[in-house]
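Here is work.pdb, consisting of PDB, C-alpha atoms and all ligand atoms:
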```pdb
ATOM      1  CA  MET A  28     -17.010 -17.484  -3.676
ATOM      2  CA  SER A  29     -15.709 -20.658  -2.089
ATOM      3  CA  ARG A  30     -12.969 -20.707   0.509
ATOM      4  CA  GLU A  31     -10.883 -22.792  -1.853
ATOM      5  CA  VAL A  32     -11.095 -20.186  -4.628
ATOM      6  CA  ILE A  33     -10.203 -17.371  -2.231
ATOM      7  CA  GLU A  34      -7.221 -19.289  -0.832
ATOM      8  CA  LYS A  35      -5.945 -20.084  -4.315
ATOM      9  CA  TYR A  36      -6.342 -16.468  -5.369
ATOM     10  CA  ALA A  37      -4.645 -15.151  -2.217
ATOM     11  CA  GLN A  38      -1.702 -17.515  -2.720
ATOM     12  CA  ALA A  39      -1.275 -16.471  -6.370
ATOM     13  CA  VAL A  40      -1.411 -12.766  -5.533
ATOM     14  CA  TYR A  41       1.017 -13.315  -2.662
ATOM     15  CA  GLU A  42       3.527 -14.839  -5.090
ATOM     16  CA  GLN A  43       3.029 -11.872  -7.425
ATOM     17  CA  ILE A  44       3.537  -9.333  -4.666
ATOM     18  CA  VAL A  45       6.759 -10.996  -3.466
ATOM     19  CA  ASP A  46       8.020 -11.119  -7.042
ATOM     20  CA  ILE A  47       7.288  -7.426  -7.579
ATOM     21  CA  GLY A  48       9.028  -6.638  -4.269
ATOM     22  CA  LYS A  49      12.119  -8.512  -5.436
ATOM     23  CA  ARG A  50      12.162  -6.722  -8.780
ATOM     24  CA  LEU A  51      11.756  -3.385  -7.030
ATOM     25  CA  ALA A  52      14.815  -4.126  -4.914
ATOM     26  CA  GLU A  53      16.801  -5.176  -7.993
ATOM     27  CA  SER A  54      15.754  -2.034  -9.867
ATOM     28  CA  LEU A  55      17.086   0.031  -6.961
ATOM     29  CA  GLY A  56      20.390  -1.820  -7.084
ATOM     30  CA  LEU A  57      19.908  -3.731  -3.836
ATOM     31  CA  ALA A  58      21.968  -6.892  -3.607
ATOM     32  CA  ASP A  59      19.591  -8.624  -1.206
ATOM     33  CA  SER A  60      16.260  -9.113  -2.938
ATOM     34  CA  ASP A  61      15.110 -11.502  -0.206
ATOM     35  CA  TYR A  62      14.646  -8.692   2.288
ATOM     36  CA  LEU A  63      10.888  -9.176   2.407
ATOM     37  CA  LYS A  64      10.981 -12.819   3.388
ATOM     38  CA  GLY A  65       8.323 -13.522   6.010
ATOM     39  CA  TRP A  66       6.710 -10.096   5.800
ATOM     40  CA  PRO A  67       3.021 -10.532   6.591
ATOM     41  CA  CYS A  68       0.327  -9.953   4.021
ATOM     42  CA  GLN A  69      -3.236  -8.842   4.554
ATOM     43  CA  PHE A  70      -6.041  -9.730   2.194
ATOM     44  CA  ARG A  71      -9.293  -7.769   2.034
ATOM     45  CA  ILE A  72     -12.390  -7.737  -0.107
ATOM     46  CA  ASN A  73     -13.988  -4.285  -0.118
ATOM     47  CA  LYS A  74     -17.688  -4.072  -0.853
ATOM     48  CA  TYR A  75     -19.273  -0.664  -1.304
ATOM     49  CA  ASN A  76     -23.065  -0.424  -1.183
ATOM     50  CA  PHE A  77     -23.370   2.917  -2.918
ATOM     51  CA  THR A  78     -26.803   4.527  -2.528
ATOM     52  CA  PRO A  79     -28.293   7.471  -4.464
ATOM     53  CA  GLU A  80     -27.523   9.667  -1.428
ATOM     54  CA  SER A  81     -23.822   8.756  -1.481
ATOM     55  CA  VAL A  82     -23.242   9.779  -5.110
ATOM     56  CA  GLY A  83     -20.559  12.481  -5.156
ATOM     57  CA  SER A  84     -19.175  11.611  -1.724
ATOM     58  CA  SER A  85     -16.192   9.501  -0.739
ATOM     59  CA  GLY A  86     -16.509   5.752  -0.265
ATOM     60  CA  VAL A  87     -12.966   5.730   1.084
ATOM     61  CA  GLN A  88     -11.359   8.950   2.318
ATOM     62  CA  LEU A  89      -8.064  10.137   0.945
ATOM     63  CA  HIS A  90      -5.288   7.934   2.323
ATOM     64  CA  THR A  91      -2.045   6.210   1.597
ATOM     65  CA  ASP A  92      -1.713   2.515   2.301
ATOM     66  CA  SER A  93       0.354   2.116   5.448
ATOM     67  CA  GLY A  94       2.354  -0.916   4.311
ATOM     68  CA  PHE A  95       4.910  -1.591   1.630
ATOM     69  CA  LEU A  96       3.103  -2.777  -1.480
ATOM     70  CA  THR A  97      -0.532  -3.228  -2.450
ATOM     71  CA  ILE A  98      -2.002  -5.192  -5.311
ATOM     72  CA  LEU A  99      -5.506  -4.054  -6.076
ATOM     73  CA  GLN A 100      -7.958  -5.855  -8.288
ATOM     74  CA  ASP A 101     -10.567  -3.241  -8.898
ATOM     75  CA  ASP A 102     -14.202  -3.598  -9.872
ATOM     76  CA  GLU A 103     -14.362  -4.319 -13.591
ATOM     77  CA  ASP A 104     -17.369  -2.073 -14.225
ATOM     78  CA  VAL A 105     -17.706   0.503 -11.477
ATOM     79  CA  GLY A 106     -15.088   3.233 -11.360
ATOM     80  CA  GLY A 107     -14.401   5.613  -8.508
ATOM     81  CA  LEU A 108     -10.753   5.069  -7.610
ATOM     82  CA  GLU A 109      -8.750   8.285  -7.856
ATOM     83  CA  VAL A 110      -5.046   8.820  -7.227
ATOM     84  CA  MET A 111      -3.538  12.182  -6.386
ATOM     85  CA  ASP A 112      -0.735  13.403  -8.631
ATOM     86  CA  LYS A 113       2.229  15.512  -7.546
ATOM     87  CA  SER A 114       0.323  18.752  -8.106
ATOM     88  CA  GLY A 115      -2.479  17.583  -5.807
ATOM     89  CA  ALA A 116      -4.959  16.938  -8.632
ATOM     90  CA  PHE A 117      -7.047  13.764  -8.654
ATOM     91  CA  VAL A 118      -6.626  11.395 -11.558
ATOM     92  CA  ALA A 119      -9.373   8.814 -12.125
ATOM     93  CA  VAL A 120      -8.259   5.221 -12.467
ATOM     94  CA  ASP A 121     -10.941   3.840 -14.745
ATOM     95  CA  PRO A 122     -11.848   0.150 -14.699
ATOM     96  CA  CYS A 123      -9.576  -1.969 -16.823
ATOM     97  CA  PRO A 124     -10.693  -5.615 -16.751
ATOM     98  CA  GLY A 125      -7.925  -8.179 -16.639
ATOM     99  CA  THR A 126      -5.416  -5.895 -14.942
ATOM    100  CA  LEU A 127      -4.066  -5.475 -11.440
ATOM    101  CA  LEU A 128      -3.034  -2.189  -9.903
ATOM    102  CA  VAL A 129       0.175  -1.919  -7.909
ATOM    103  CA  ASN A 130       0.455   0.779  -5.290
ATOM    104  CA  LEU A 131       3.225   1.761  -2.877
ATOM    105  CA  GLY A 132       2.565   2.708   0.731
ATOM    106  CA  ASP A 133       4.297   4.514   3.591
ATOM    107  CA  VAL A 134       6.642   1.636   4.441
ATOM    108  CA  ALA A 135       7.998   1.719   0.868
ATOM    109  CA  LYS A 136       8.847   5.386   1.211
ATOM    110  CA  ALA A 137      10.638   4.903   4.539
ATOM    111  CA  TRP A 138      12.392   1.664   3.561
ATOM    112  CA  SER A 139      13.690   3.195   0.324
ATOM    113  CA  ASN A 140      14.899   6.311   2.169
ATOM    114  CA  GLY A 141      12.518   8.413   0.103
ATOM    115  CA  ARG A 142      13.314   6.914  -3.300
ATOM    116  CA  LEU A 143       9.909   5.292  -3.679
ATOM    117  CA  CYS A 144       6.771   7.328  -3.410
ATOM    118  CA  ASN A 145       3.648   6.531  -1.378
ATOM    119  CA  VAL A 146       0.554   7.292  -3.415
ATOM    120  CA  LYS A 147      -2.457   9.141  -2.018
ATOM    121  CA  HIS A 148      -5.758   7.790  -3.248
ATOM    122  CA  ARG A 149      -9.472   7.671  -2.483
ATOM    123  CA  VAL A 150     -12.650   6.074  -3.745
ATOM    124  CA  GLN A 151     -15.465   8.331  -4.894
ATOM    125  CA  CYS A 152     -19.039   7.145  -5.271
ATOM    126  CA  ARG A 153     -20.054   7.820  -8.841
ATOM    127  CA  GLU A 154     -23.267   5.828  -9.110
ATOM    128  CA  ALA A 155     -25.752   4.060  -6.855
ATOM    129  CA  THR A 156     -24.571   0.507  -7.221
ATOM    130  CA  ILE A 157     -22.463  -2.161  -5.580
ATOM    131  CA  ARG A 158     -18.725  -1.854  -6.122
ATOM    132  CA  ILE A 159     -16.210  -4.546  -5.213
ATOM    133  CA  SER A 160     -12.437  -4.464  -5.024
ATOM    134  CA  ILE A 161      -9.916  -6.983  -3.753
ATOM    135  CA  ALA A 162      -6.804  -5.664  -2.036
ATOM    136  CA  THR A 163      -3.704  -7.570  -0.984
ATOM    137  CA  PHE A 164      -1.289  -5.646   1.211
ATOM    138  CA  LEU A 165       2.316  -6.637   1.769
ATOM    139  CA  LEU A 166       2.672  -4.821   5.068
ATOM    140  CA  GLY A 167       6.238  -4.687   6.320
ATOM    141  CA  PRO A 168       8.679  -6.529   8.559
ATOM    142  CA  ARG A 169       7.292  -8.842  11.221
ATOM    143  CA  GLU A 170       6.849  -7.781  14.810
ATOM    144  CA  LYS A 171      10.164  -7.181  16.593
ATOM    145  CA  GLU A 172      11.816  -6.298  13.287
ATOM    146  CA  VAL A 173      12.038  -2.747  12.022
ATOM    147  CA  VAL A 174      11.477  -0.779   8.840
ATOM    148  CA  GLU A 175      14.900   0.595   8.062
ATOM    149  CA  ALA A 176      16.546   1.708   4.832
ATOM    150  CA  PRO A 177      19.348  -0.705   3.883
ATOM    151  CA  PRO A 178      22.843   0.856   3.839
ATOM    152  CA  GLU A 179      22.796   0.931   0.006
ATOM    153  CA  PHE A 180      20.162   3.669   0.187
ATOM    154  CA  VAL A 181      22.051   5.854   2.633
ATOM    155  CA  ASP A 182      25.114   8.027   1.904
ATOM    156  CA  SER A 183      26.289  11.581   2.473
ATOM    157  CA  GLU A 184      24.011  12.879  -0.265
ATOM    158  CA  HIS A 185      21.108  10.791   0.963
ATOM    159  CA  PRO A 186      21.170  10.929   4.771
ATOM    160  CA  ARG A 187      18.872   8.594   6.644
ATOM    161  CA  LEU A 188      15.428  10.207   6.588
ATOM    162  CA  TYR A 189      13.609   8.055   9.109
ATOM    163  CA  VAL A 190      14.385   6.455  12.429
ATOM    164  CA  PRO A 191      13.918   2.673  12.392
ATOM    165  CA  PHE A 192      10.373   1.780  13.436
ATOM    166  CA  SER A 193       8.268  -1.326  13.678
ATOM    167  CA  TYR A 194       5.329  -1.614  11.314
ATOM    168  CA  GLU A 195       2.976  -2.275  14.238
ATOM    169  CA  ASP A 196       4.059   0.897  16.054
ATOM    170  CA  TYR A 197       3.707   2.902  12.864
ATOM    171  CA  ARG A 198       0.222   1.579  12.243
ATOM    172  CA  LYS A 199      -0.780   2.505  15.804
ATOM    173  CA  LEU A 200       0.716   5.967  15.300
ATOM    174  CA  ARG A 201      -1.375   6.455  12.164
ATOM    175  CA  LEU A 202      -4.513   5.376  13.994
ATOM    176  CA  SER A 203      -3.964   7.467  17.107
ATOM    177  CA  THR A 204      -3.027  10.614  15.196
ATOM    178  CA  LYS A 205      -5.650  10.016  12.482
ATOM    179  CA  LEU A 206      -2.959  10.942   9.969
ATOM    180  CA  GLN A 207      -4.015   8.529   7.254
ATOM    181  CA  ALA A 208      -2.516  10.118   4.154
ATOM    182  CA  GLY A 209       1.185   9.577   4.791
ATOM    183  CA  GLU A 210       1.647  12.579   7.093
ATOM    184  CA  ALA A 211       2.534  10.301  10.004
ATOM    185  CA  LEU A 212       5.888   9.656   8.314
ATOM    186  CA  ALA A 213       6.883  13.163   9.410
ATOM    187  CA  LEU A 214       6.649  11.909  13.001
ATOM    188  CA  VAL A 215       9.316   9.268  12.435
ATOM    189  CA  ARG A 216      11.778  11.554  10.647
ATOM    190  CA  THR A 217      15.365  11.506  11.805
ATOM    191  CA  PRO A 218      15.919  14.502  14.099
ATOM    192  CA  SER A 219      17.988  17.119  12.279
TER     193      SER A 219
HETATM  194  O1  LIG B   1     -11.547   0.010  -3.575
HETATM  195  C1  LIG B   1     -10.565   0.526  -4.097
HETATM  196  O2  LIG B   1     -10.494   0.723  -5.316
HETATM  197  C2  LIG B   1      -9.388   0.985  -3.266
HETATM  198  C3  LIG B   1      -9.447   0.519  -1.860
HETATM  199  C4  LIG B   1      -8.256   1.010  -1.083
HETATM  200  O3  LIG B   1      -7.649   1.995  -1.385
HETATM  201  C5  LIG B   1      -7.800   0.236   0.082
HETATM  202  O4  LIG B   1      -8.438  -0.771   0.424
HETATM  203  O5  LIG B   1      -6.772   0.627   0.679
HETATM  204 FE    FE B   2      -5.785   2.146  -0.315
END
```
Final structure tokens representation of the file:
Amino acid sequence: MSREVIEKYAQAVYEQIVDIGKRLAESLGLADSDYLKGWPCQFRINKYNFTPESVGSSGVQLHTDSGFLTILQDDEDVGGLEVMDKSGAFVAVDPCPGTLLVNLGDVAKAWSNGRLCNVKHRVQCREATIRISIATFLLGPREKEVVEAPPEFVDSEHPRLYVPFSYEDYRKLRLSTKLQAGEALALVRTPS
């Protein structure tokens, strides 16, 4: 893949992700749909070299994405992605060429004061082959700014659930505690 193709792709997905973020805000009744202006994005191509020995094991352990929104372009032939439903059961996300998958992370849950749900997922190795996925993560506010639910999401029936935190600090907290599946959010809960 040439650099030019990757840059063009990354730019197009970035525009998509910002657009989805704006629509999310509108759907939640937020007046300011520009809230995510300047939020950094991370782009990653995942390549899994699945061997016969790895069949049945995890290629990526159960986790939530730490940021706000993820757009995933999954391998068109090789399955393995599984999301966890509310009951804790895994649901396979089978390949669907020509589609993108949108996923919400921990920042979305905190920013929305619990209205949006971070989704636990993992990648299982199903067959000995190469699997490729392309992930674009809209992370959260820039350094020195904080993840904080806007006032529209907070009232007497919906008290503020989380203390304001910077995305960088939260990411470090997830790494140092090894709480990769959203549990670290409990550590930034508002004291009751
Ligand atoms: O490869 C996939 O299908 C998912 C990868 C993933 O969950 C991630 O990069 O956060
Ligand atoms: Fe993920």
Contacts of Ala155 of chain A at 12 Å (all atoms listed in the file; same-chain gap of 4+ positions) as a list of chain:residue names: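 Returned residues: A:Tyr75, A:Asn76, A:Phe77, A:Thr78, A:Pro79, A:Glu80, A:Ser81, A:Val82, A:Gly83, A:Ser84, A:Gly86, A:Val105, A:Gly106, A:Gly107, A:Gln151.
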Surrounding residues as a PyMOL selection string, ligand FE 2 (chain B), max 10 Å, all atoms listed in the file: chain A and resi 87-94+97-99+108+110+130-132+146-150+162-164+208
Output file for the selection above: C-alpha atoms, as a PDB file, in the coordinates of the input:
```pdb
ATOM      1  CA  VAL A  87     -12.966   5.730   1.084  1.00  0.00           C
ATOM      2  CA  GLN A  88     -11.359   8.950   2.318  1.00  0.00           C
ATOM      3  CA  LEU A  89      -8.064  10.137   0.945  1.00  0.00           C
ATOM      4  CA  HIS A  90      -5.288   7.934   2.323  1.00  0.00           C
ATOM      5  CA  THR A  91      -2.045   6.210   1.597  1.00  0.00           C
ATOM      6  CA  ASP A  92      -1.713   2.515   2.301  1.00  0.00           C
ATOM      7  CA  SER A  93       0.354   2.116   5.448  1.00  0.00           C
ATOM      8  CA  GLY A  94       2.354  -0.916   4.311  1.00  0.00           C
ATOM      9  CA  THR A  97      -0.532  -3.228  -2.450  1.00  0.00           C
ATOM     10  CA  ILE A  98      -2.002  -5.192  -5.311  1.00  0.00           C
ATOM     11  CA  LEU A  99      -5.506  -4.054  -6.076  1.00  0.00           C
ATOM     12  CA  LEU A 108     -10.753   5.069  -7.610  1.00  0.00           C
ATOM     13  CA  VAL A 110      -5.046   8.820  -7.227  1.00  0.00           C
ATOM     14  CA  ASN A 130       0.455   0.779  -5.290  1.00  0.00           C
ATOM     15  CA  LEU A 131       3.225   1.761  -2.877  1.00  0.00           C
ATOM     16  CA  GLY A 132       2.565   2.708   0.731  1.00  0.00           C
ATOM     17  CA  VAL A 146       0.554   7.292  -3.415  1.00  0.00           C
ATOM     18  CA  LYS A 147      -2.457   9.141  -2.018  1.00  0.00           C
ATOM     19  CA  HIS A 148      -5.758   7.790  -3.248  1.00  0.00           C
ATOM     20  CA  ARG A 149      -9.472   7.671  -2.483  1.00  0.00           C
ATOM     21  CA  VAL A 150     -12.650   6.074  -3.745  1.00  0.00           C
ATOM     22  CA  ALA A 162      -6.804  -5.664  -2.036  1.00  0.00           C
ATOM     23  CA  THR A 163      -3.704  -7.570  -0.984  1.00  0.00           C
ATOM     24  CA  PHE A 164      -1.289  -5.646   1.211  1.00  0.00           C
ATOM     25  CA  ALA A 208      -2.516  10.118   4.154  1.00  0.00           C
TER      26      ALA A 208
END
```
Atom CA of Ile159 of chain A to atom C1 of ligand LIG 1 (chain B), distance in Å rounded to a single decimal: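 Spanning atom CA of Ile159 of chain A to atom C1 of ligand LIG 1 (chain B) is a straight-line distance of 7.7 Å.
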Kindly provide, as lines of an AutoDock Vina configuration file, the centre and edge lengths (Å, one decimal) of an axis-aligned box around all atoms of segment 187-194 of chain A given in the file, with 5 Å on each side.
```
center_x = 12.1
center_y = 4.3
center_z = 10.1
size_x = 23.5
size_y = 21.8
size_z = 17.1
```
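Each of A:Ala116, A:Ile161, A:Asn140, A:Lys49 was checked against ligand LIG 1 (chain B) using only C-alpha atoms and all ligand atoms; the smallest atom-to-atom distance is that of A:Ile161.
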Proximity to ligand LIG 1 (chain B) - best of A:Lys35, A:Arg158, A:Lys136, A:Lys171, all atoms listed in the file: A:Arg158
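Atom pair atom CA of Leu127 of chain A / atom CA of Lys199 of chain A: separated by 28.6 Å.
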